[in-house]
file run_26.cif (mmCIF, C-alpha atoms)
data_query
loop_
_atom_site.label_atom_id
_atom_site.label_comp_id
_atom_site.auth_asym_id
_atom_site.auth_seq_id
_atom_site.Cartn_x
_atom_site.Cartn_y
_atom_site.Cartn_z
CA MET A 1 103.23 312.85 122.91
CA ALA A 2 105.24 309.93 121.48
CA GLY A 3 103.17 307.17 120.00
CA HIS A 4 99.91 309.12 119.71
CA THR A 5 98.45 308.15 116.35
CA LEU A 6 95.35 306.96 114.53
CA LEU A 7 94.35 303.40 115.44
CA LEU A 8 94.50 301.20 112.37
CA ASP A 9 92.51 298.00 111.87
CA THR A 10 95.02 295.14 112.06
CA GLU A 11 93.44 293.23 109.16
CA ALA A 12 92.81 296.01 106.60
CA TRP A 13 95.43 298.51 107.88
CA ASP A 14 92.74 301.16 107.63
CA LEU A 15 91.03 303.62 109.98
CA THR A 16 88.72 302.27 112.64
CA LEU A 17 86.05 303.91 114.80
CA ASP A 18 85.78 304.12 118.57
CA SER A 19 82.60 303.38 120.53
CA GLY A 20 81.39 306.96 119.96
CA GLY A 21 81.73 306.71 116.17
CA ASN A 22 84.82 308.92 116.06
CA ILE A 23 88.08 307.99 114.36
CA ALA A 24 89.91 305.91 116.96
CA THR A 25 93.36 306.87 118.22
CA THR A 26 95.97 305.04 120.22
CA GLN A 27 99.05 306.01 122.16
CA ASP A 28 101.95 304.78 124.26
CA SER A 29 103.66 301.49 123.34
CA TYR A 30 100.94 300.28 120.97
CA GLY A 31 100.98 303.58 119.10
CA ILE A 32 104.76 303.48 118.84
CA ALA A 33 104.64 299.89 117.56
CA GLN A 34 102.07 300.87 114.94
CA ASN A 35 104.20 303.84 113.86
CA VAL A 36 107.24 301.53 113.52
CA ALA A 37 105.19 299.14 111.37
CA ASN A 38 104.21 302.08 109.15
CA ALA A 39 107.82 303.30 108.95
CA VAL A 40 109.22 299.98 107.75
CA ARG A 41 106.41 299.49 105.22
CA LEU A 42 106.99 302.91 103.68
CA PHE A 43 109.13 302.90 100.54
CA MET A 44 111.49 305.85 100.14
CA ASN A 45 110.01 308.52 97.81
CA ASP A 46 106.42 307.33 98.50
CA ALA A 47 105.65 309.95 101.16
CA TYR A 48 104.61 312.90 98.99
CA TYR A 49 105.47 315.64 101.52
CA ASP A 50 108.54 313.90 102.96
CA PRO A 51 110.13 311.71 100.25
CA GLU A 52 113.28 311.10 102.33
CA ARG A 53 111.27 309.05 104.85
CA GLY A 54 110.99 305.33 104.33
CA VAL A 55 113.19 302.37 103.51
CA PRO A 56 115.05 302.35 100.17
CA HIS A 57 113.70 298.91 99.27
CA PHE A 58 114.22 299.50 95.54
CA LEU A 59 117.97 299.98 96.04
CA ILE A 60 118.21 296.25 96.76
CA ASP A 61 119.14 294.35 93.60
CA LEU A 62 116.01 292.80 92.18
CA GLY A 63 116.18 289.10 91.33
CA VAL A 64 118.96 288.28 93.80
CA THR A 65 118.93 287.50 97.50
CA PRO A 66 119.76 290.79 99.24
CA ASP A 67 122.50 291.17 101.83
CA MET A 68 120.52 290.60 105.04
CA SER A 69 122.81 292.82 107.12
CA VAL A 70 122.00 295.75 104.82
CA VAL A 71 118.27 295.02 104.97
CA ARG A 72 118.34 294.72 108.78
CA SER A 73 120.26 297.98 109.00
CA ARG A 74 117.75 299.83 106.82
CA ILE A 75 114.78 298.47 108.78
CA ARG A 76 116.50 299.35 112.08
CA ARG A 77 117.20 302.90 110.85
CA ALA A 78 113.54 303.35 109.87
CA SER A 79 112.44 302.00 113.27
CA LEU A 80 114.76 304.36 115.16
CA SER A 81 113.34 307.33 113.23
CA VAL A 82 110.00 306.91 115.05
CA ASP A 83 109.41 309.23 118.03
CA GLY A 84 109.65 307.33 121.31
CA VAL A 85 111.94 304.54 120.04
CA THR A 86 115.34 304.18 121.71
CA ASP A 87 116.42 300.82 120.26
CA ALA A 88 115.33 298.30 117.65
CA ASN A 89 116.51 294.72 117.16
CA VAL A 90 115.53 293.34 113.74
CA GLU A 91 115.17 289.61 113.11
CA ILE A 92 114.37 288.46 109.59
CA THR A 93 112.74 285.03 109.78
CA THR A 94 111.45 284.31 106.28
CA ILE A 95 111.94 285.25 102.65
CA THR A 96 109.50 283.45 100.38
CA ASP A 97 108.52 284.50 96.86
CA ARG A 98 110.06 287.97 97.34
CA VAL A 99 108.09 288.50 100.58
CA MET A 100 110.14 289.12 103.71
CA GLY A 101 108.89 288.52 107.22
CA GLY A 102 110.25 288.93 110.70
CA THR A 103 110.00 290.86 113.93
CA ILE A 104 111.43 294.05 115.36
CA ALA A 105 111.91 294.18 119.13
CA VAL A 106 111.39 297.90 119.78
CA THR A 107 112.46 299.51 123.04
CA THR A 108 110.50 302.64 123.93
CA GLU A 109 111.62 305.66 125.96
CA GLU A 110 109.58 304.24 128.86
CA GLY A 111 111.63 301.03 128.72
CA ASP A 112 108.85 298.88 127.28
CA ILE A 113 109.84 296.27 124.69
CA VAL A 114 107.25 295.73 121.98
CA ASP A 115 107.48 293.17 119.16
CA VAL A 116 106.45 294.46 115.74
CA ALA A 117 105.85 291.92 112.99
CA PHE A 118 106.70 292.79 109.40
#

call {"tool": "encode", "arguments": {"input": "run_26.cif", "output": "structure tokens"}}
result
Amino acid sequence: MAGHTLLLDTEAWDLTLDSGGNIATTQDSYGIAQNVANAVRLFMNDAYYDPERGVPHFLIDLGVTPDMSVVRSRIRRASLSVDGVTDANVEITTITDRVMGGTIAVTTEEGDIVDVAF
């Protein structure tokens, strides 16, 4: 089932519990959006069992403003690697003190469009 995943607390990005005290899960568009957020935050070689997953953030020259088309392409590729995603439109809105921010408009297999902030 695409998008079925653990529900993460939006503040701490950590596990949360459901009303029964069990680890909460989510699915559908919200689950897909959360999986996309995880995919673009993952640095290549950081996933121990799958080091090819993630964005090669360290390949960007440090100390210089990166080529935004390359960064958008890498983020889009990571977004499209998530089950249930058919399209991803990346918009980078800020770069301040080496911190990048923006949104990804993700289109799911069901045709839903979900905005994912990064």

call {"tool": "residues_around", "arguments": {"input": "run_26.cif", "residues": "A:Val116", "least_positions_apart": "5", "cutoff": "12 Å", "atoms": "only C-alpha atoms", "output": "list in words"}}
result
Ser29, Tyr30, Gly31, Ile32, Ala33, Gln34, Asn35, Val36, Ala37, Asn38, Ala39, Val40, Arg41, Ile75, Arg76, Ser79, Ala88, Asn89, Val90, Glu91, Ile92, Gly101, Gly102, Thr103, Ile104, Ala105, Val106 and Thr107 of chain A

call {"tool": "axis_aligned_box", "arguments": {"input": "run_26.cif", "around": "stretch 4-15 of chain A", "padding_each_side": "3 Å", "output": "AutoDock Vina command-line options"}}
result
--center_x 95.5 --center_y 301.2 --center_z 113.2 --size_x 14.9 --size_y 21.9 --size_z 19.1

call {"tool": "atom_distance", "arguments": {"input": "run_26.cif", "atom1": "atom CA of A:Leu17", "atom2": "atom CA of A:His4"}}
result
15.6 Å

call {"tool": "residues_around", "arguments": {"input": "run_26.cif", "residues": "A:Phe58", "least_positions_apart": "4", "cutoff": "12 Å", "atoms": "all atoms listed in the file", "output": "JSON, numbers by chain"}}
result
{"A": [42, 43, 44, 45, 46, 54, 62, 63, 66, 71, 74]}

call {"tool": "atom_distance", "arguments": {"input": "run_26.cif", "atom1": "atom CA of A:Ser73", "atom2": "atom CA of A:Leu59"}}
result
13.3 Å

call {"tool": "closest_residue", "arguments": {"input": "run_26.cif", "among": "A:Ala24, A:Val70, A:Glu11, A:Val82", "to": "A:His57", "atoms": "only C-alpha atoms"}}
result
A:Val70

call {"tool": "closest_residue", "arguments": {"input": "run_26.cif", "among": "A:Leu6, A:Val55, A:Val85, A:Ala78", "to": "A:Asp112", "atoms": "all atoms listed in the file"}}
result
A:Val85

call {"tool": "atom_distance", "arguments": {"input": "run_26.cif", "atom1": "atom CA of A:Thr94", "atom2": "atom CA of A:Ala117"}}
result
11.6 Å

call {"tool": "resolve_selection", "arguments": {"input": "run_26.cif", "expression": "the PyMOL selection byres ((chain A and resi 23) around 12)", "output": "tab-separated table (two decimals) with C-alpha atoms, in the coordinates of the input"}}
result
chain	number	residue	atom	x	y	z
A	5	THR	CA	98.45	308.15	116.35
A	6	LEU	CA	95.35	306.96	114.53
A	7	LEU	CA	94.35	303.40	115.44
A	8	LEU	CA	94.50	301.20	112.37
A	9	ASP	CA	92.51	298.00	111.87
A	14	ASP	CA	92.74	301.16	107.63
A	15	LEU	CA	91.03	303.62	109.98
A	16	THR	CA	88.72	302.27	112.64
A	17	LEU	CA	86.05	303.91	114.80
A	18	ASP	CA	85.78	304.12	118.57
A	19	SER	CA	82.60	303.38	120.53
A	20	GLY	CA	81.39	306.96	119.96
A	21	GLY	CA	81.73	306.71	116.17
A	22	ASN	CA	84.82	308.92	116.06
A	24	ALA	CA	89.91	305.91	116.96
A	25	THR	CA	93.36	306.87	118.22
A	26	THR	CA	95.97	305.04	120.22
